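One file, start.cif, is given below (mmCIF, C-alpha atoms).
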data_my_file
#
loop_
_atom_site.label_atom_id
_atom_site.label_comp_id
_atom_site.auth_asym_id
_atom_site.auth_seq_id
_atom_site.Cartn_x
_atom_site.Cartn_y
_atom_site.Cartn_z
CA MET L 122 54.49 44.02 151.40
CA LYS L 123 55.90 46.98 153.22
CA ASP L 124 59.45 45.67 152.69
CA LEU L 125 58.90 45.31 148.94
CA LEU L 126 57.66 48.90 148.74
CA ILE L 127 60.73 50.19 150.57
CA MET L 128 63.05 48.17 148.36
CA GLY L 129 61.29 49.56 145.23
CA ILE L 130 61.72 53.14 146.43
CA VAL L 131 65.42 52.52 147.15
CA ALA L 132 65.86 51.00 143.69
CA ILE L 133 64.19 53.99 142.05
CA VAL L 134 66.38 56.44 144.02
CA PHE L 135 69.52 54.48 143.07
CA TYR L 136 68.43 54.41 139.40
CA VAL L 137 67.85 58.16 139.35
CA PHE L 138 71.20 58.79 141.08
CA TRP L 139 73.01 56.52 138.61
CA LYS L 140 71.42 58.25 135.58
CA MET L 141 72.34 61.67 136.97
CA MET L 142 75.95 60.61 137.45
CA LEU L 143 76.11 59.45 133.84
CA LYS L 144 74.30 62.62 132.71
CA GLU L 145 71.76 60.59 130.80
CA PRO L 146 67.99 61.07 130.60
CA ILE L 147 66.17 59.47 133.50
CA LEU L 148 63.25 58.36 131.34
CA PRO L 149 64.48 55.78 128.81
CA TRP L 150 62.29 57.09 125.95
CA LYS L 151 63.87 60.58 126.11
CA GLU L 152 66.76 61.47 123.77
CA LYS L 153 70.23 61.70 125.23
CA VAL L 154 71.36 65.26 125.89
CA VAL L 155 74.60 66.04 124.07
CA THR L 156 77.03 68.00 126.22
CA ASP L 157 80.60 69.12 125.85
CA ASN L 158 81.79 66.44 128.32
CA THR L 159 80.94 62.82 127.41
CA VAL L 160 81.78 59.67 129.30
CA SER L 161 83.74 56.95 127.56
CA GLN L 162 83.29 53.23 128.11
CA ASN L 163 85.99 53.28 130.76
CA GLY L 164 84.11 55.88 132.72
CA LYS L 165 86.54 58.71 131.88
CA LYS L 166 85.32 62.07 130.68
CA LYS L 167 86.26 63.28 127.25
CA ASN L 168 86.24 66.99 126.47
CA LYS L 169 85.02 67.89 123.03
CA LYS L 170 86.46 70.96 121.30
CA LYS L 171 83.83 73.55 120.63
CA HIS L 172 85.77 75.27 117.83
CA GLU L 173 88.72 74.14 115.81
CA VAL L 174 90.72 77.22 114.83
CA GLN L 175 92.87 76.77 111.76
CA MET L 176 96.17 78.52 111.52
CA GLU L 177 96.00 81.30 108.97
CA GLN L 178 98.54 83.66 107.51
CA GLU L 179 99.31 86.69 109.61
CA PRO L 180 97.44 89.80 108.48
CA GLN L 181 99.52 92.18 106.40
CA LEU L 182 98.05 95.44 107.60
CA PHE L 183 100.57 97.69 105.87
CA GLU L 184 100.14 95.97 102.51
CA GLU L 185 96.35 96.04 102.85
CA LEU L 186 96.51 99.77 103.47
CA PHE L 187 98.03 100.27 100.00
CA GLU L 188 96.19 97.48 98.21
CA ASN L 189 94.55 99.99 95.84
CA VAL L 190 97.91 101.61 94.93
CA LYS L 191 99.52 100.19 91.80
CA ASP L 192 102.69 102.23 91.52
CA ILE L 193 104.44 105.45 92.52
CA SER L 194 106.38 106.82 89.57
CA ASN L 195 106.54 109.77 87.18
CA HIS L 196 105.86 112.10 90.15
CA MET L 197 102.41 110.53 90.55
CA VAL L 198 100.62 107.90 92.60
CA ARG L 199 98.84 105.44 90.36
CA TYR L 200 95.87 103.31 91.44
CA HIS L 201 94.49 100.09 90.01
CA ASP L 202 91.49 101.88 88.47
CA ASN L 203 93.91 103.98 86.32
CA SER L 204 93.40 107.13 88.37
CA PHE L 205 96.47 109.22 89.19
CA THR L 206 97.33 111.59 92.02
CA LEU L 207 99.81 114.45 91.90
CA ILE L 208 100.94 116.03 95.18
CA THR L 209 102.26 119.59 95.57
CA GLU L 210 103.86 121.19 98.62
CA VAL L 211 102.60 124.60 99.70
CA GLU L 212 104.68 127.25 101.47
CA PRO L 213 102.10 129.51 103.12
CA VAL L 214 102.31 133.24 103.68
CA ASN L 215 102.43 134.67 107.21
CA TYR L 216 98.95 136.13 107.00
CA PHE L 217 98.82 137.84 110.39
CA LEU L 218 102.01 139.85 109.81
CA LYS L 219 100.41 141.55 106.82
CA SER L 220 98.53 144.82 106.91
CA HIS L 221 94.78 144.97 106.46
CA ASP L 222 95.05 145.92 102.76
CA GLU L 223 97.55 143.11 102.12
CA GLN L 224 95.25 140.61 103.86
CA GLU L 225 92.36 141.78 101.68
CA ALA L 226 94.48 141.26 98.55
CA ILE L 227 95.46 137.74 99.68
CA ASP L 228 91.84 136.84 100.38
CA LYS L 229 90.77 138.18 96.99
CA GLU L 230 93.34 136.14 95.05
CA PHE L 231 92.65 132.98 97.04
CA GLU L 232 88.89 133.27 96.59
CA SER L 233 89.42 133.93 92.88
CA TYR L 234 91.41 130.70 92.56
CA LEU L 235 88.79 128.66 94.40
CA ALA L 236 86.08 130.05 92.13
CA SER L 237 88.06 129.16 88.98
CA ILE L 238 88.51 125.42 89.63
CA ASN L 239 85.92 122.87 88.52
CA TYR L 240 87.69 119.72 89.74
CA PRO L 241 88.21 118.29 93.23
CA ILE L 242 91.27 119.23 95.27
CA SER L 243 92.30 117.66 98.58
CA CYS L 244 94.35 119.30 101.32
CA LEU L 245 96.79 117.45 103.57
CA LEU L 246 98.40 118.76 106.75
CA GLN L 247 101.29 116.76 108.19
CA SER L 248 102.91 117.48 111.55
CA ARG L 249 106.62 116.67 111.61
CA TYR L 250 109.40 116.94 114.12
CA ILE L 251 111.67 119.87 113.33
CA ASP L 252 115.03 118.70 112.02
CA ILE L 253 117.76 121.35 112.09
CA SER L 254 120.61 118.96 111.43
CA GLU L 255 121.13 120.38 107.93
CA PRO L 256 121.56 124.03 109.11
CA ILE L 257 123.83 122.85 111.94
CA LYS L 258 125.96 120.88 109.48
CA HIS L 259 126.15 123.90 107.18
CA MET L 260 127.21 126.15 110.09
CA THR L 261 129.86 123.64 111.22
CA ASP L 262 131.30 123.31 107.73
CA SER L 263 131.38 127.10 107.33
CA MET L 264 133.27 127.49 110.61
CA LYS L 265 135.80 124.85 109.60
CA ASN L 266 136.37 126.31 106.11
CA SER L 267 136.56 129.94 107.24
CA GLU L 268 140.13 131.16 107.72
CA ASP L 269 139.40 134.69 108.97
CA LEU L 270 137.56 133.73 112.20
CA ASN L 271 139.36 134.38 115.45
CA GLU L 272 139.20 132.21 118.54
CA ALA L 273 136.38 134.20 120.14
CA ALA L 274 134.19 133.90 117.04
CA LEU L 275 134.82 130.16 116.80
CA SER L 276 133.96 129.74 120.49
CA PHE L 277 130.75 131.75 120.10
CA GLY L 278 129.73 129.76 117.01
CA GLN L 279 130.37 126.42 118.69
CA SER L 280 128.39 127.43 121.79
CA MET L 281 125.46 128.50 119.58
CA ILE L 282 125.56 125.15 117.79
CA ASN L 283 125.54 123.32 121.13
CA ASP L 284 122.55 125.41 122.26
CA LEU L 285 120.66 124.55 119.07
CA ILE L 286 121.31 120.83 119.53
CA GLU L 287 120.18 121.01 123.16
CA TRP L 288 117.10 123.01 122.14
CA GLN L 289 116.10 120.30 119.67
CA THR L 290 116.73 117.34 122.00
CA GLN L 291 115.16 118.73 125.18
CA THR L 292 111.59 119.10 123.93
CA PRO L 293 110.12 117.81 120.67
CA ARG L 294 109.47 120.66 118.27
CA TYR L 295 106.95 120.41 115.47
CA GLU L 296 106.35 122.00 112.11
CA THR L 297 103.36 121.69 109.82
CA LYS L 298 103.75 120.66 106.19
CA ARG L 299 100.94 121.60 103.82
CA TYR L 300 100.07 119.81 100.59
CA LEU L 301 97.57 120.16 97.75
CA ILE L 302 96.50 116.88 96.14
CA PHE L 303 95.19 116.70 92.57
CA THR L 304 93.53 113.50 91.33
CA HIS L 305 92.51 112.72 87.76
CA LYS L 306 91.25 109.67 85.90
CA ILE L 307 91.17 109.15 82.13
CA ASN L 308 89.01 106.52 80.47
CA THR L 309 91.26 104.17 78.51
CA SER L 310 88.57 103.74 75.85
CA ASP L 311 89.13 107.36 74.83
CA ILE L 312 92.78 106.69 73.93
CA ASN L 313 93.69 105.28 70.54
CA ALA L 314 96.69 102.94 70.68
CA ASP L 315 97.96 100.06 68.57
CA SER L 316 99.57 98.11 71.41
CA LYS L 317 99.42 97.75 75.14
CA ASP L 318 102.73 99.53 75.62
CA GLU L 319 101.60 102.46 73.53
CA LEU L 320 98.35 102.64 75.48
CA GLU L 321 100.28 102.68 78.73
CA GLU L 322 102.60 105.43 77.51
CA LYS L 323 99.77 107.61 76.24
CA LEU L 324 97.74 107.09 79.41
CA VAL L 325 100.58 108.25 81.66
CA GLU L 326 101.52 111.13 79.36
CA LYS L 327 97.97 112.44 79.01
CA THR L 328 97.22 112.17 82.71
CA PHE L 329 100.47 113.86 83.70
CA SER L 330 99.80 116.68 81.23
CA GLU L 331 96.36 117.33 82.75
CA LEU L 332 97.64 117.22 86.33
CA MET L 333 100.54 119.55 85.45
CA ARG L 334 98.02 122.00 83.97
CA ARG L 335 96.14 122.03 87.25
CA TYR L 336 99.37 122.40 89.20
CA ASN L 337 100.55 125.34 87.08
CA ALA L 338 97.17 127.03 87.44
CA ALA L 339 97.42 126.77 91.23
CA LYS L 340 101.03 127.91 91.22
CA ASN L 341 100.41 130.98 89.06
CA GLN L 342 97.23 132.04 90.84
CA LEU L 343 98.46 131.54 94.40
CA ARG L 344 101.77 133.23 93.65
CA LYS L 345 99.86 136.51 93.58
CA SER L 346 98.95 135.80 97.21
CA GLU L 347 102.63 135.17 98.01
CA ILE L 348 101.86 131.45 98.46
CA GLU L 349 104.50 129.23 96.87
CA VAL L 350 103.40 125.91 95.37
CA SER L 351 106.04 123.36 94.30
CA LEU L 352 105.71 119.95 92.69
CA LEU L 353 106.48 116.98 94.92
CA PRO L 354 108.65 114.54 92.91
CA THR L 355 108.58 110.77 93.23
CA GLU L 356 111.23 110.85 95.94
CA GLY L 357 109.23 113.50 97.79
CA ILE L 358 106.12 111.30 97.76
CA TYR L 359 108.10 108.45 99.32
CA GLU L 360 109.47 110.85 101.93
CA LEU L 361 105.95 112.03 102.72
CA LEU L 362 104.82 108.45 103.30
CA TYR L 363 107.99 107.72 105.30
CA HIS L 364 107.26 110.59 107.70
CA THR L 365 103.63 109.46 107.94
CA PHE L 366 104.45 105.97 109.21
CA ASN L 367 107.76 106.72 110.98
CA ARG L 368 107.04 109.95 112.77
CA ARG L 369 109.54 109.63 115.62
CA LYS L 370 112.13 107.52 113.84
CA ALA L 371 112.26 109.91 110.88
CA VAL L 372 114.26 112.45 112.91
CA LYS L 373 117.18 110.13 113.69
CA GLN L 374 116.94 107.94 110.59
CA ARG L 375 116.39 110.53 107.90
CA PHE L 376 115.00 109.57 104.54
CA LYS L 377 117.88 111.28 102.71
CA ASP L 378 120.43 109.26 104.67
CA MET L 379 118.59 106.05 103.82
CA ILE L 380 118.73 106.90 100.11
CA GLU L 381 122.47 107.58 100.28
CA ALA L 382 123.05 104.35 102.18
CA GLU L 383 121.01 102.45 99.58
CA LYS L 384 123.04 104.00 96.74
CA ASN L 385 126.34 103.00 98.33
CA ALA L 386 125.18 99.54 99.43
CA MET L 387 126.69 96.54 97.67
CA TYR L 388 123.33 94.73 97.73
CA VAL L 389 119.76 95.96 97.76
CA THR L 390 118.62 96.19 101.37
CA ALA L 391 114.92 96.83 100.77
CA ASP L 392 112.36 94.04 101.02
CA GLN L 393 111.88 92.31 97.68
CA THR L 394 109.10 90.05 96.47
CA ASP L 395 109.78 86.45 95.44
CA GLU L 396 108.87 87.28 91.84
CA ARG L 397 111.45 90.06 91.68
CA ILE L 398 114.13 87.84 93.20
CA GLU L 399 113.45 85.14 90.61
CA ALA L 400 113.53 87.72 87.82
CA VAL L 401 116.90 89.01 89.02
CA LYS L 402 118.27 85.45 89.19
CA GLU L 403 117.12 84.79 85.64
CA ALA L 404 118.73 88.03 84.45
CA ILE L 405 122.02 87.08 86.12
CA GLU L 406 121.95 83.61 84.57
CA GLU L 407 121.18 85.10 81.14
CA TYR L 408 124.07 87.55 81.51
CA GLU L 409 126.50 84.80 82.53
CA ARG L 410 125.34 82.64 79.62
CA SER L 411 125.89 85.48 77.15
CA GLN L 412 129.36 86.13 78.59
CA LYS L 413 130.30 82.48 78.17
CA GLU L 414 129.06 82.50 74.56
CA GLU L 415 131.08 85.63 73.77
CA THR L 416 134.16 84.07 75.34
CA SER L 417 133.76 80.86 73.39
CA GLU L 418 133.31 82.81 70.12
CA LYS L 419 136.46 84.81 70.78
CA GLN L 420 138.43 81.63 71.48
CA ALA L 421 137.10 80.04 68.30
CA ILE L 422 138.22 83.05 66.27
#
What would the structure in this file look like if it were written as structure tokens?
Amino acid sequence: MKDLLIMGIVAIVFYVFWKMMLKEPILPWKEKVVTDNTVSQNGKKKNKKKHEVQMEQEPQLFEELFENVKDISNHMVRYHDNSFTLITEVEPVNYFLKSHDEQEAIDKEFESYLASINYPISCLLQSRYIDISEPIKHMTDSMKNSEDLNEAALSFGQSMINDLIEWQTQTPRYETKRYLIFTHKINTSDINADSKDELEEKLVEKTFSELMRRYNAAKNQLRKSEIEVSLLPTEGIYELLYHTFNRRKAVKQRFKDMIEAEKNAMYVTADQTDERIEAVKEAIEEYERSQKEETSEKQAI
């Protein structure tokens, strides 16, 4: 009897050990616990994947940043909700070099302008690296074209140019650009037009007229404070964005040089969408077809 009891205990211990090795419930009426690692019929462990990650398209952060912008043309930034933005560059006055009476006059004119506007205006300050390559180029050309400069003057001018280049390259120098931003939106239901093209033309014309009125009001009022306000054209808006996203590179690869290189390039070097490429191909094929038809007509005549 004692031997049977010992054999039963050994069998129970072996059964528990065997169930633990298989990671199955010891009591047969309990449900099997599902784990990440399961045992196959051959006794080998199989690892189950917790998450299956599907390959997705890489995020286009730069495109998403301008997803609400529809177009930049006619000296304005246009958005998908038919609102337009006009940007003006401001040349400030050196306030602290003025006398007390002159400062009072500037404050009076500026406060008068702020009190006269009833529409929102945004201000933008952009810090740029100072680029003196244009003045240096102008000085170099003047020295080369001048015939009345002696050797000492040429040597002094060249040394000054070298000092300016060294001054710019040794330590980064910054300048602050100031902008006033005017935004306006016109409801298309208020415009009477017979076609979609006419509606588009009137929308742009009416919006530009209103934004120009606001720009001229700022220009005329701030001129009394010796603050110059100038319209930023379409090219200037692109240059503003170029300096925003290429702060360091914009000094060596200037926006003006890129425009000149694009003008003289045999092919367009900018990134183009697939739709534009297909449209250009269709235009080329249409042109070649028309040329062949003209040639065949001439030969027939």
Nearest to Lys298 in chain L among L:Thr365, L:Ser411, L:Thr416, L:Thr206, with distances taken over all atoms listed in the file: which residue is it?
L:Thr365
I'd like to see the residues matched by the PyMOL selection byres ((chain L and resi 250) around 10) on this file, and ideally I'd get them as an MDAnalysis selection string.
chainID L and resid 248:249 251:253 289 293:297 364 368:372
For the structure provided, state which residues fall under the PyMOL selection byres ((chain L and resi 352-357) around 7), and present them as a PyMOL selection string.
chain L and resi 193-197+208-210+350-351+358-361
Which of these residues is nearest to Leu301 in chain L, using all atoms listed in the file: L:Trp139, L:Tyr336, L:Phe329, L:Tyr408?
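The shortest atom-to-atom distance to Leu301 in chain L comes from L:Tyr336.
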Record the distance separating CA of Lys402 in chain L and CA of Met379 in chain L, expressed in Å with one decimal.
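Distance between the two atoms: 25.3 Å.
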Under the PyMOL selection byres ((chain L and resi 229-240) around 12), which residues of this model are included? Write them out as an MDAnalysis selection string.
chainID L and resid 213:214 222:228 241:243 302:306 331:332 334:348
Deliver the residues from the most recent selection as a file, using C-alpha atoms, as an mmCIF file, in the frame of the given file.
data_model
loop_
_atom_site.group_PDB
_atom_site.id
_atom_site.type_symbol
_atom_site.label_atom_id
_atom_site.label_comp_id
_atom_site.auth_asym_id
_atom_site.auth_seq_id
_atom_site.Cartn_x
_atom_site.Cartn_y
_atom_site.Cartn_z
ATOM 1 C CA PRO L 213 102.100 129.510 103.120
ATOM 2 C CA VAL L 214 102.310 133.240 103.680
ATOM 3 C CA ASP L 222 95.050 145.920 102.760
ATOM 4 C CA GLU L 223 97.550 143.110 102.120
ATOM 5 C CA GLN L 224 95.250 140.610 103.860
ATOM 6 C CA GLU L 225 92.360 141.780 101.680
ATOM 7 C CA ALA L 226 94.480 141.260 98.550
ATOM 8 C CA ILE L 227 95.460 137.740 99.680
ATOM 9 C CA ASP L 228 91.840 136.840 100.380
ATOM 10 C CA PRO L 241 88.210 118.290 93.230
ATOM 11 C CA ILE L 242 91.270 119.230 95.270
ATOM 12 C CA SER L 243 92.300 117.660 98.580
ATOM 13 C CA ILE L 302 96.500 116.880 96.140
ATOM 14 C CA PHE L 303 95.190 116.700 92.570
ATOM 15 C CA THR L 304 93.530 113.500 91.330
ATOM 16 C CA HIS L 305 92.510 112.720 87.760
ATOM 17 C CA LYS L 306 91.250 109.670 85.900
ATOM 18 C CA GLU L 331 96.360 117.330 82.750
ATOM 19 C CA LEU L 332 97.640 117.220 86.330
ATOM 20 C CA ARG L 334 98.020 122.000 83.970
ATOM 21 C CA ARG L 335 96.140 122.030 87.250
ATOM 22 C CA TYR L 336 99.370 122.400 89.200
ATOM 23 C CA ASN L 337 100.550 125.340 87.080
ATOM 24 C CA ALA L 338 97.170 127.030 87.440
ATOM 25 C CA ALA L 339 97.420 126.770 91.230
ATOM 26 C CA LYS L 340 101.030 127.910 91.220
ATOM 27 C CA ASN L 341 100.410 130.980 89.060
ATOM 28 C CA GLN L 342 97.230 132.040 90.840
ATOM 29 C CA LEU L 343 98.460 131.540 94.400
ATOM 30 C CA ARG L 344 101.770 133.230 93.650
ATOM 31 C CA LYS L 345 99.860 136.510 93.580
ATOM 32 C CA SER L 346 98.950 135.800 97.210
ATOM 33 C CA GLU L 347 102.630 135.170 98.010
ATOM 34 C CA ILE L 348 101.860 131.450 98.460
#
Mind pulling up the distance from CA of Glu326 in chain L to CA of Ile307 in chain L?
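CA of Ile307 in chain L sits 10.9 Å away from CA of Glu326 in chain L.
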